[in-house]
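Everything below concerns the one structure shown next.
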Amino acid sequence: MTMAVDPPRLLAFAGSLRRESFNRRLVPVLVEGARDAGAEVSLIDLRDYPLPVYDGDIEADGMPDEVFRLQDLMAEHDGLLISTPEYNGSMPALVKNTLDWISRPTAAGPSGTTLFRGKAAGIVSASPGPLGGLRSLLVLRDALAKLGLVVVPQQVAVGLAAERLPETGVLVDERMREGVHGVGASVADLAFRLKGARDER
Ligand SMILES: Cc1cc2nc3c(=O)[nH]c(=O)nc-3n(C[C@H](O)[C@H](O)[C@H](O)COP(=O)(O)O)c2cc1C
C-alpha cells in the first residue's frame, strides 16, 4: 500500500549579508524550482540571525538565541537550499559559521548534527567573475555531506552575475535559469523520498 507523504519542507538562504547580493537575487529561482516540484519552502535572511564567529567560550557562557532559532528551523525542515558566494576559492565564513553553530548541541541535548542527517540539499552559486563561484560549490558540497546531508548532484555556478542577475529572482540566461530551477526541483524530489523513508521507520 502506498502511503501519502506530506510535502517536504525546505529551508533556503543566500550565503551573503549584502543588500545587493547576487546570491540573494538568485535564491528565489532555486526556491521556485522546489515549490513547482511540490515542496514547501521557507526563505530566510541570515541578517535576521546575526551570529558571532564560533567561540566555545560564548557557547559555554550561554548559546546565542539565534542558534536555537536556527536549530529549531532545521528540525522543522527536510532539507536545505543554499545560494553561496565564493571567497578566495572557498565558501564564505558566514556559511561555514552558520553550519558550525547549528551543529552544536541543541537545547534538548543532542548534537545539532542530528538535525542535518539524512536530509536533502541543493547548492548554487553566483559571482561577477566568469566561473560563477564553482570552487565554493565543491567546498560547500563536501561540508554538507560531512554533516550527513544528501546533496543532489546537479549544481549551477552563475558567472557574470552583474549582467545575468539584474534583479531579485531574475536570471536572464535561460539555460542557467532552467538549471537552477532544476536543482530546486531535484531537492524537492529527493526530500520527498527521504522524508517518506524517515516517516516509514
Ligand atoms: C574576500 C572576498 C574574496 C573573494 N573571492 C572571490 C573568488 O575567489 N571567486 C569569485 O568568483 N569571486 C570572489 N569574490 C567576489 C565575490 O564573488 C563578489 O563580491 C560577490 O558579489 C559576492 O557575492 P554576493 O554578491 O552574493 O554578496 C570575493 C569577494 C570577497 C569580498
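Following the order of the C-alpha cells, chains are lettered A, B, ..., residues in each are numbered from 1, and ligands are numbered from 1.
With a cut-off of 6 Å and using only C-alpha atoms and all ligand atoms, the polymer residues contacting ligand 1 are Ser16, Arg18, Ser21, Phe22, Asn23, Arg24, Pro85, Glu86, Tyr87, Asn88, Gly89, Ser127, Pro128, Gly129, Gly132 and Gly133 of chain A.
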Skip region 119-124 of chain A itself and residues of its chain fewer than 6 positions away, then list as a CSV table (one decimal) with N, CA and C atoms, in the first residue's frame all residues within 7 Å of it, counting only C-alpha atoms.
chain,number,residue,atom,x,y,z
A,78,ASP,N,13.1,19.6,6.0
A,78,ASP,CA,13.6,18.3,5.5
A,78,ASP,C,14.7,18.5,4.6
A,79,GLY,N,15.2,19.7,4.4
A,79,GLY,CA,16.4,19.9,3.6
A,79,GLY,C,16.8,21.4,3.5
A,80,LEU,N,17.9,21.6,2.7
A,80,LEU,CA,18.4,22.9,2.6
A,80,LEU,C,18.6,23.3,1.1
A,81,LEU,N,18.3,24.6,0.8
A,81,LEU,CA,18.6,25.2,-0.5
A,81,LEU,C,19.5,26.4,-0.2
A,82,ILE,N,20.7,26.4,-0.8
A,82,ILE,CA,21.7,27.4,-0.5
A,82,ILE,C,22.3,28.0,-1.8
A,83,SER,N,22.3,29.3,-1.9
A,83,SER,CA,23.0,30.0,-2.9
A,83,SER,C,24.2,30.7,-2.3
A,84,THR,N,25.4,30.3,-2.7
A,84,THR,CA,26.5,30.8,-2.0
A,84,THR,C,27.5,31.7,-2.8
A,137,LEU,N,31.3,25.8,-4.5
A,137,LEU,CA,30.4,24.7,-4.5
A,137,LEU,C,31.0,23.4,-4.1
A,149,LEU,N,24.1,15.5,5.2
A,149,LEU,CA,23.1,15.8,4.2
A,149,LEU,C,23.3,15.1,2.9
A,150,VAL,N,22.3,14.8,2.1
A,150,VAL,CA,22.5,14.2,0.8
A,150,VAL,C,22.3,15.3,-0.2
A,151,VAL,N,23.4,15.7,-0.9
A,151,VAL,CA,23.4,16.8,-1.8
A,151,VAL,C,23.1,16.3,-3.2
A,152,VAL,N,22.1,16.9,-3.9
A,152,VAL,CA,21.8,16.4,-5.2
A,152,VAL,C,23.0,16.7,-6.1
A,155,GLN,N,24.2,21.1,-10.0
A,155,GLN,CA,24.5,22.4,-9.4
A,155,GLN,C,24.8,23.4,-10.5
A,156,VAL,N,24.6,24.6,-10.2
A,156,VAL,CA,24.9,25.7,-11.2
A,156,VAL,C,25.7,26.8,-10.6
A,157,ALA,N,26.7,27.2,-11.3
A,157,ALA,CA,27.5,28.4,-10.9
A,157,ALA,C,27.2,29.5,-11.9
A,180,VAL,N,19.1,26.1,-12.5
A,180,VAL,CA,18.9,26.5,-11.1
A,180,VAL,C,17.5,26.0,-10.7
A,183,VAL,N,17.7,22.4,-10.1
A,183,VAL,CA,18.4,22.0,-8.8
A,183,VAL,C,17.3,22.0,-7.7
A,184,GLY,N,16.5,23.1,-7.7
A,184,GLY,CA,15.4,23.2,-6.7
A,184,GLY,C,14.5,22.0,-6.8
A,187,VAL,N,16.0,18.7,-5.5
A,187,VAL,CA,16.0,18.7,-4.0
A,187,VAL,C,14.6,18.3,-3.5
A,190,LEU,N,14.0,14.6,-4.1
A,190,LEU,CA,14.8,13.8,-3.1
A,190,LEU,C,14.3,13.9,-1.7
A,191,ALA,N,13.9,15.1,-1.3
A,191,ALA,CA,13.4,15.3,0.0
A,191,ALA,C,12.1,14.5,0.2
A,194,LEU,N,13.3,10.9,0.8
A,194,LEU,CA,14.0,10.7,2.1
A,194,LEU,C,13.0,10.9,3.2
Mind listing the strand (DSSP E) residues of region 12-199 of chain A, per DSSP on the backbone, as JSON, numbers by chain?
{"A": [12, 13, 14, 40, 41, 42, 43, 79, 80, 81, 82, 83, 84, 120, 121, 122, 123, 124, 125, 126, 150, 151, 156, 157, 158]}
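Excluding Pro166 (chain A) itself and same-chain residues fewer than 4 positions from it, the residues having an atom within 10 Å of it are A:Phe22, A:Arg25, A:Leu26, A:Ala161, A:Ala162, A:Val170, A:Leu171, A:Val172, counting only C-alpha atoms.
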For those residues, write C-alpha atoms to a file as a CSV table (one decimal), in the first residue's frame.
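In the end it all went to out_33.csv:
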chain,number,residue,atom,x,y,z
A,22,PHE,CA,23.8,38.4,-6.4
A,25,ARG,CA,18.9,37.7,-6.2
A,26,LEU,CA,19.5,34.0,-7.3
A,161,ALA,CA,26.3,37.8,-12.3
A,162,ALA,CA,26.1,41.5,-12.8
A,170,VAL,CA,15.5,37.3,-12.5
A,171,LEU,CA,18.2,35.2,-14.2
A,172,VAL,CA,18.3,36.3,-17.8
